[in-house]
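Trainee: Supplied structure: coords_6.tsv, TSV, C-alpha atoms.
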chain	number	residue	atom	x	y	z
A	1	MET	CA	-63.53	-12.99	19.22
A	2	GLY	CA	-63.14	-9.30	19.79
A	3	ILE	CA	-59.81	-7.56	19.56
A	4	PHE	CA	-59.24	-7.45	23.34
A	5	ASP	CA	-59.99	-11.17	23.78
A	6	TRP	CA	-57.64	-11.87	20.87
A	7	PHE	CA	-54.87	-9.92	22.67
A	8	LYS	CA	-55.38	-11.91	25.86
A	9	LYS	CA	-55.30	-15.23	24.03
A	10	SER	CA	-52.27	-14.26	21.92
A	11	GLY	CA	-50.39	-13.19	25.07
A	12	ASN	CA	-50.81	-16.61	26.69
A	13	GLU	CA	-47.85	-18.69	25.52
A	14	GLN	CA	-49.46	-21.89	26.89
A	15	ALA	CA	-52.71	-21.49	24.93
A	16	VAL	CA	-53.31	-22.39	21.32
A	17	GLN	CA	-52.38	-19.19	19.53
A	18	PRO	CA	-55.24	-17.37	17.84
A	19	THR	CA	-55.30	-16.83	14.11
A	20	ALA	CA	-56.36	-13.85	12.06
A	21	ASP	CA	-59.67	-15.64	11.52
A	22	ASP	CA	-60.25	-15.48	15.29
A	23	LEU	CA	-59.99	-11.70	15.22
A	24	VAL	CA	-63.36	-10.17	14.46
A	25	PHE	CA	-63.32	-7.04	12.36
A	26	ALA	CA	-66.46	-5.02	11.70
A	27	ALA	CA	-67.88	-6.04	8.33
A	28	GLY	CA	-66.06	-4.19	5.56
A	29	LYS	CA	-63.74	-2.47	8.06
A	30	GLU	CA	-60.64	-4.67	7.83
A	31	GLU	CA	-58.87	-1.94	5.85
A	32	LEU	CA	-57.32	1.11	7.42
A	33	SER	CA	-55.18	3.68	5.60
A	34	GLY	CA	-54.77	1.41	2.59
A	35	LEU	CA	-53.89	-1.82	4.42
A	36	ASN	CA	-56.17	-4.80	5.02
A	37	PHE	CA	-55.11	-5.59	8.58
A	38	LYS	CA	-56.75	-9.00	8.70
A	39	THR	CA	-54.94	-10.09	5.54
A	40	ALA	CA	-51.61	-8.70	6.81
A	41	ILE	CA	-51.94	-10.51	10.14
A	42	ASP	CA	-52.89	-13.74	8.40
A	43	ALA	CA	-50.03	-13.52	5.88
A	44	HIS	CA	-47.45	-13.05	8.62
A	45	MET	CA	-48.88	-15.83	10.77
A	46	LYS	CA	-48.67	-18.21	7.80
A	47	TRP	CA	-44.92	-17.69	7.41
A	48	ARG	CA	-44.29	-20.19	10.20
A	49	LEU	CA	-46.14	-22.85	8.19
A	50	ARG	CA	-44.32	-21.91	5.00
A	51	LEU	CA	-40.92	-22.13	6.68
A	52	THR	CA	-41.83	-25.40	8.41
A	53	ALA	CA	-42.70	-26.86	4.99
A	54	VAL	CA	-39.25	-25.84	3.71
A	55	ILE	CA	-37.57	-27.45	6.72
A	56	ASP	CA	-39.68	-30.61	6.35
A	57	GLY	CA	-38.94	-30.80	2.62
A	58	THR	CA	-42.62	-30.56	1.66
A	59	SER	CA	-42.59	-27.07	0.17
A	60	ALA	CA	-42.86	-26.56	-3.56
A	61	GLU	CA	-42.08	-22.84	-3.16
A	62	LYS	CA	-38.83	-21.41	-4.44
A	63	LEU	CA	-38.00	-18.89	-1.73
A	64	ASP	CA	-34.97	-16.62	-1.93
A	65	PRO	CA	-33.64	-15.84	1.58
A	66	ASP	CA	-32.33	-12.47	0.38
A	67	VAL	CA	-35.83	-11.44	-0.69
A	68	VAL	CA	-37.62	-13.05	2.27
A	69	GLY	CA	-35.16	-11.32	4.61
A	70	ARG	CA	-36.13	-7.86	3.35
A	71	ASP	CA	-38.90	-6.04	5.18
A	72	ASP	CA	-40.00	-3.96	2.20
A	73	GLN	CA	-41.08	-6.74	-0.17
A	74	CYS	CA	-44.39	-7.91	1.30
A	75	VAL	CA	-47.67	-6.00	1.28
A	76	LEU	CA	-47.21	-4.91	4.90
A	77	GLY	CA	-43.64	-3.76	4.30
A	78	LYS	CA	-44.64	-1.75	1.27
A	79	TRP	CA	-47.40	-0.14	3.35
A	80	ILE	CA	-45.00	0.59	6.23
A	81	TYR	CA	-42.67	2.44	3.86
A	82	SER	CA	-45.46	4.30	2.08
A	83	ASP	CA	-49.00	5.09	3.28
A	84	GLY	CA	-48.55	3.63	6.76
A	85	GLY	CA	-45.33	5.56	7.34
A	86	LYS	CA	-46.88	8.78	6.10
A	87	ARG	CA	-49.91	8.37	8.35
A	88	TYR	CA	-48.48	6.81	11.53
A	89	SER	CA	-44.74	7.58	11.64
A	90	ASP	CA	-45.15	9.64	14.83
A	91	SER	CA	-46.77	6.72	16.64
A	92	LEU	CA	-44.47	4.73	18.94
A	93	LEU	CA	-46.63	1.68	18.25
A	94	PHE	CA	-46.06	2.08	14.50
A	95	GLN	CA	-42.31	2.53	15.06
A	96	GLU	CA	-42.24	-0.68	17.08
A	97	LEU	CA	-44.22	-2.45	14.35
A	98	ARG	CA	-41.68	-1.29	11.75
A	99	GLU	CA	-38.74	-2.52	13.87
A	100	GLU	CA	-40.35	-5.88	14.71
A	101	HIS	CA	-41.39	-6.37	11.09
A	102	ALA	CA	-37.76	-5.89	10.02
A	103	ARG	CA	-36.65	-8.42	12.70
A	104	PHE	CA	-39.36	-10.82	11.53
A	105	HIS	CA	-38.15	-10.79	7.94
A	106	LYS	CA	-34.48	-10.97	8.90
A	107	GLY	CA	-35.33	-13.95	11.11
A	108	ALA	CA	-37.35	-15.62	8.34
A	109	GLY	CA	-34.41	-15.18	5.97
A	110	ASP	CA	-32.08	-16.72	8.56
A	111	VAL	CA	-34.39	-19.74	9.00
A	112	LEU	CA	-34.55	-20.17	5.24
A	113	ARG	CA	-30.76	-19.91	4.82
A	114	ALA	CA	-30.20	-22.55	7.50
A	115	ALA	CA	-32.74	-24.89	5.90
A	116	GLN	CA	-31.37	-24.39	2.40
A	117	SER	CA	-27.85	-25.09	3.64
A	118	GLY	CA	-29.07	-28.40	5.09
A	119	ASP	CA	-28.86	-27.47	8.79
A	120	MET	CA	-32.41	-28.42	9.71
A	121	GLU	CA	-31.66	-28.51	13.43
A	122	LEU	CA	-30.54	-24.87	13.36
A	123	ALA	CA	-33.46	-23.94	11.09
A	124	ARG	CA	-35.96	-25.45	13.55
A	125	ALA	CA	-34.29	-23.72	16.50
A	126	LEU	CA	-34.35	-20.36	14.71
A	127	LEU	CA	-38.00	-20.91	13.76
A	128	THR	CA	-39.17	-21.75	17.26
A	129	THR	CA	-36.87	-19.81	19.61
A	130	GLY	CA	-34.96	-17.29	17.51
A	131	ASP	CA	-35.73	-13.72	16.50
A	132	PHE	CA	-38.32	-14.97	14.04
A	133	ALA	CA	-40.50	-16.50	16.78
A	134	SER	CA	-40.57	-13.46	19.06
A	135	ALA	CA	-40.83	-10.93	16.22
A	136	SER	CA	-43.68	-12.92	14.67
A	137	ARG	CA	-45.77	-12.62	17.83
A	138	ARG	CA	-44.95	-8.93	18.17
A	139	VAL	CA	-45.77	-8.10	14.54
A	140	THR	CA	-49.22	-9.67	14.74
A	141	ARG	CA	-49.95	-8.11	18.14
A	142	ASN	CA	-48.74	-4.69	17.03
A	143	LEU	CA	-50.84	-4.87	13.88
A	144	ALA	CA	-53.91	-5.70	15.96
A	145	LYS	CA	-53.09	-2.93	18.45
A	146	LEU	CA	-52.51	-0.39	15.69
A	147	TYR	CA	-55.82	-1.33	14.10
A	148	GLY	CA	-57.59	-1.15	17.45
A	149	ARG	CA	-56.14	2.24	18.24
A	150	TYR	CA	-56.80	3.95	14.91
A	151	SER	CA	-59.85	2.16	13.46
A	152	GLU	CA	-62.24	4.29	15.51
A	153	GLU	CA	-60.92	7.63	14.20
For this file, produce the structure as structure tokens.
Mentor:
Amino acid sequence: MGIFDWFKKSGNEQAVQPTADDLVFAAGKEELSGLNFKTAIDAHMKWRLRLTAVIDGTSAEKLDPDVVGRDDQCVLGKWIYSDGGKRYSDSLLFQELREEHARFHKGAGDVLRAAQSGDMELARALLTTGDFASASRRVTRNLAKLYGRYSEE
């Protein structure tokens, strides 16, 4: 699906949420200013599954909530604080992406802390209705919007 159809589908809370695979990028044009946007969207959408596996006790990953909670440790965060920041820092959309990305990682760290402390009820609530849930949607939408806005330059 094209980027505008993806936005419409991702904005409908009742619909099955689209994945990065649903977003069609022009062949060989997923990268912009040093970031593969499709990979970044996909990686952030997969965090919900990763955290669910921790809550369910099926994860083999050893995740540190202090690292997960930092917004400068993943590929997107490193890009935000380097090439992306240099190129797009004047953009309000980029500034919102940076803020939501920080909320996303803080929220993910909070979910992980709750799960690791044994409070699975709180962990599930944080995952589905806390800052993580809303920031997750905003990060993926803002990434897609940023790509859509600047990929034609």
Trainee: Restrict the calculation to all atoms listed in the file, then for each residue of segment 28-74 of chain A with any atom at most 8 Å from an atom of segment 103-110 of chain A give the closest atom pair and their distance in Å to one decimal, rows by chain and rising residue number, as JSON lines.
Mentor:
{"residue": "A:Trp47", "atom": "CA", "partner": "A:Ala108", "partner_atom": "CA", "distance": 7.9}
{"residue": "A:Leu51", "atom": "CA", "partner": "A:Ala108", "partner_atom": "CA", "distance": 7.6}
{"residue": "A:Pro65", "atom": "CA", "partner": "A:Gly109", "partner_atom": "CA", "distance": 4.5}
{"residue": "A:Asp66", "atom": "CA", "partner": "A:Gly109", "partner_atom": "CA", "distance": 6.6}
{"residue": "A:Val67", "atom": "CA", "partner": "A:Gly109", "partner_atom": "CA", "distance": 7.8}
{"residue": "A:Val68", "atom": "CA", "partner": "A:Gly109", "partner_atom": "CA", "distance": 5.3}
{"residue": "A:Gly69", "atom": "CA", "partner": "A:Gly109", "partner_atom": "CA", "distance": 4.2}
{"residue": "A:Arg70", "atom": "CA", "partner": "A:His105", "partner_atom": "CA", "distance": 5.8}
{"residue": "A:Asp71", "atom": "CA", "partner": "A:His105", "partner_atom": "CA", "distance": 5.5}
Trainee: Considering only C-alpha atoms, return as an MDAnalysis selection string whatever protein or nucleic-acid residues lie within 12 Å of Ser89 of chain A, sequence-local ones (same chain, fewer than 5 positions apart) excluded.
Mentor: chainID A and resid 79:84 94:99 146
Trainee: Listed atoms of segment 59-77 of chain A, axis-aligned box, 3 Å per side: centre and edge lengths to one decimal in Å, as JSON?
Mentor:
{"center_x": -40.0, "center_y": -15.4, "center_z": 0.4, "size_x": 21.3, "size_y": 29.3, "size_z": 15.6}
Trainee: Figure out the distance between atom CA of Glu61 of chain A and atom CA of Val111 of chain A, please, to one decimal in Å.
Mentor: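 Rounded to one decimal, the two atoms are 14.7 Å apart.
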Trainee: Have a look at A:Leu92, A:Ala60, A:Ile55, A:Val75 and name the one nearest to Arg113 of chain A; count only C-alpha atoms.
Mentor: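 Looking at the shortest contact to Arg113 of chain A, the residue is A:Ile55.
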Trainee: Could you please determine the separation between atom CA of Glu30 of chain A and atom CA of Gly148 of chain A in Å, to one decimal place?
Mentor: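 If I compute the distance from atom CA of Glu30 of chain A to atom CA of Gly148 of chain A, I get 10.7 Å.
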Trainee: Find the distance between atom CA of Tyr150 of chain A and atom CA of Gln73 of chain A and write it in Å to one decimal.
Mentor: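 Taking atom CA of Tyr150 of chain A as the start and atom CA of Gln73 of chain A as the end point, the length is 24.3 Å.
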Trainee: When you count all atoms listed in the file, which of these residues is closest to Leu76 of chain A: A:Glu121, A:Thr58, A:Arg48, A:Thr140?
Mentor: A:Thr140
Trainee: Given the choices A:Asp42, A:Asp64, A:Glu100, A:Asp90, which gets closest to Val139 of chain A if the distance is worked out from only C-alpha atoms?
Mentor: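 Of A:Asp42, A:Asp64, A:Glu100, A:Asp90, the one nearest Val139 of chain A is A:Glu100, counting only C-alpha atoms.
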Trainee: How about completing segment 100-111 of chain A with all heavy atoms and giving it to me as a tab-separated table (two decimals), in the coordinates of the input?
Mentor:
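Written output follows (out-v6.tsv):
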chain	number	residue	atom	x	y	z
A	100	GLU	N	-40.08	-4.44	14.56
A	100	GLU	CA	-40.35	-5.88	14.71
A	100	GLU	C	-40.57	-6.54	13.36
A	100	GLU	O	-40.18	-7.70	13.15
A	100	GLU	CB	-41.55	-6.11	15.63
A	100	GLU	CG	-41.28	-5.74	17.07
A	100	GLU	CD	-40.15	-6.52	17.71
A	100	GLU	OE1	-39.89	-7.69	17.33
A	100	GLU	OE2	-39.50	-5.97	18.62
A	101	HIS	N	-41.18	-5.83	12.44
A	101	HIS	CA	-41.39	-6.37	11.09
A	101	HIS	C	-40.05	-6.61	10.41
A	101	HIS	O	-39.85	-7.64	9.75
A	101	HIS	CB	-42.28	-5.42	10.28
A	101	HIS	CG	-42.64	-5.95	8.94
A	101	HIS	ND1	-42.12	-5.44	7.77
A	101	HIS	CD2	-43.46	-6.98	8.58
A	101	HIS	CE1	-42.61	-6.13	6.76
A	101	HIS	NE2	-43.41	-7.06	7.22
A	102	ALA	N	-39.11	-5.70	10.58
A	102	ALA	CA	-37.76	-5.89	10.02
A	102	ALA	C	-37.09	-7.11	10.67
A	102	ALA	O	-36.47	-7.93	9.97
A	102	ALA	CB	-36.92	-4.64	10.23
A	103	ARG	N	-37.21	-7.25	12.00
A	103	ARG	CA	-36.65	-8.42	12.70
A	103	ARG	C	-37.31	-9.71	12.22
A	103	ARG	O	-36.64	-10.74	12.06
A	103	ARG	CB	-36.86	-8.30	14.22
A	103	ARG	CG	-35.84	-7.41	14.90
A	103	ARG	CD	-35.97	-7.42	16.42
A	103	ARG	NE	-35.88	-8.76	16.96
A	103	ARG	CZ	-36.70	-9.25	17.90
A	103	ARG	NH1	-37.67	-8.53	18.41
A	103	ARG	NH2	-36.54	-10.47	18.35
A	104	PHE	N	-38.62	-9.66	12.01
A	104	PHE	CA	-39.36	-10.82	11.53
A	104	PHE	C	-38.79	-11.31	10.20
A	104	PHE	O	-38.49	-12.49	10.03
A	104	PHE	CB	-40.85	-10.43	11.37
A	104	PHE	CG	-41.68	-11.45	10.67
A	104	PHE	CD1	-42.32	-12.44	11.38
A	104	PHE	CD2	-41.85	-11.40	9.29
A	104	PHE	CE1	-43.12	-13.38	10.73
A	104	PHE	CE2	-42.63	-12.34	8.64
A	104	PHE	CZ	-43.26	-13.33	9.36
A	105	HIS	N	-38.64	-10.38	9.25
A	105	HIS	CA	-38.15	-10.79	7.94
A	105	HIS	C	-36.69	-11.22	7.97
A	105	HIS	O	-36.31	-12.17	7.29
A	105	HIS	CB	-38.41	-9.70	6.90
A	105	HIS	CG	-39.80	-9.78	6.37
A	105	HIS	ND1	-40.18	-10.68	5.42
A	105	HIS	CD2	-40.92	-9.08	6.69
A	105	HIS	CE1	-41.47	-10.55	5.17
A	105	HIS	NE2	-41.95	-9.58	5.93
A	106	LYS	N	-35.88	-10.54	8.76
A	106	LYS	CA	-34.48	-10.97	8.90
A	106	LYS	C	-34.45	-12.39	9.47
A	106	LYS	O	-33.72	-13.26	8.99
A	106	LYS	CB	-33.68	-10.03	9.78
A	106	LYS	CG	-32.22	-10.46	9.89
A	106	LYS	CD	-31.46	-9.65	10.91
A	106	LYS	CE	-30.02	-10.11	11.05
A	106	LYS	NZ	-29.86	-11.54	11.29
A	107	GLY	N	-35.26	-12.62	10.50
A	107	GLY	CA	-35.33	-13.95	11.11
A	107	GLY	C	-35.83	-15.01	10.14
A	107	GLY	O	-35.30	-16.13	10.10
A	108	ALA	N	-36.84	-14.68	9.34
A	108	ALA	CA	-37.35	-15.62	8.34
A	108	ALA	C	-36.27	-15.95	7.32
A	108	ALA	O	-36.09	-17.11	6.92
A	108	ALA	CB	-38.58	-15.05	7.65
A	109	GLY	N	-35.52	-14.94	6.90
A	109	GLY	CA	-34.41	-15.18	5.97
A	109	GLY	C	-33.35	-16.08	6.58
A	109	GLY	O	-32.80	-16.96	5.90
A	110	ASP	N	-33.07	-15.89	7.87
A	110	ASP	CA	-32.08	-16.72	8.56
A	110	ASP	C	-32.54	-18.18	8.65
A	110	ASP	O	-31.75	-19.10	8.45
A	110	ASP	CB	-31.80	-16.18	9.97
A	110	ASP	CG	-31.07	-14.85	9.97
A	110	ASP	OD1	-30.49	-14.47	8.92
A	110	ASP	OD2	-31.06	-14.18	11.03
A	111	VAL	N	-33.83	-18.38	8.96
A	111	VAL	CA	-34.39	-19.74	9.00
A	111	VAL	C	-34.24	-20.39	7.63
A	111	VAL	O	-33.80	-21.53	7.50
A	111	VAL	CB	-35.88	-19.71	9.43
A	111	VAL	CG1	-36.53	-21.09	9.24
A	111	VAL	CG2	-36.03	-19.24	10.86
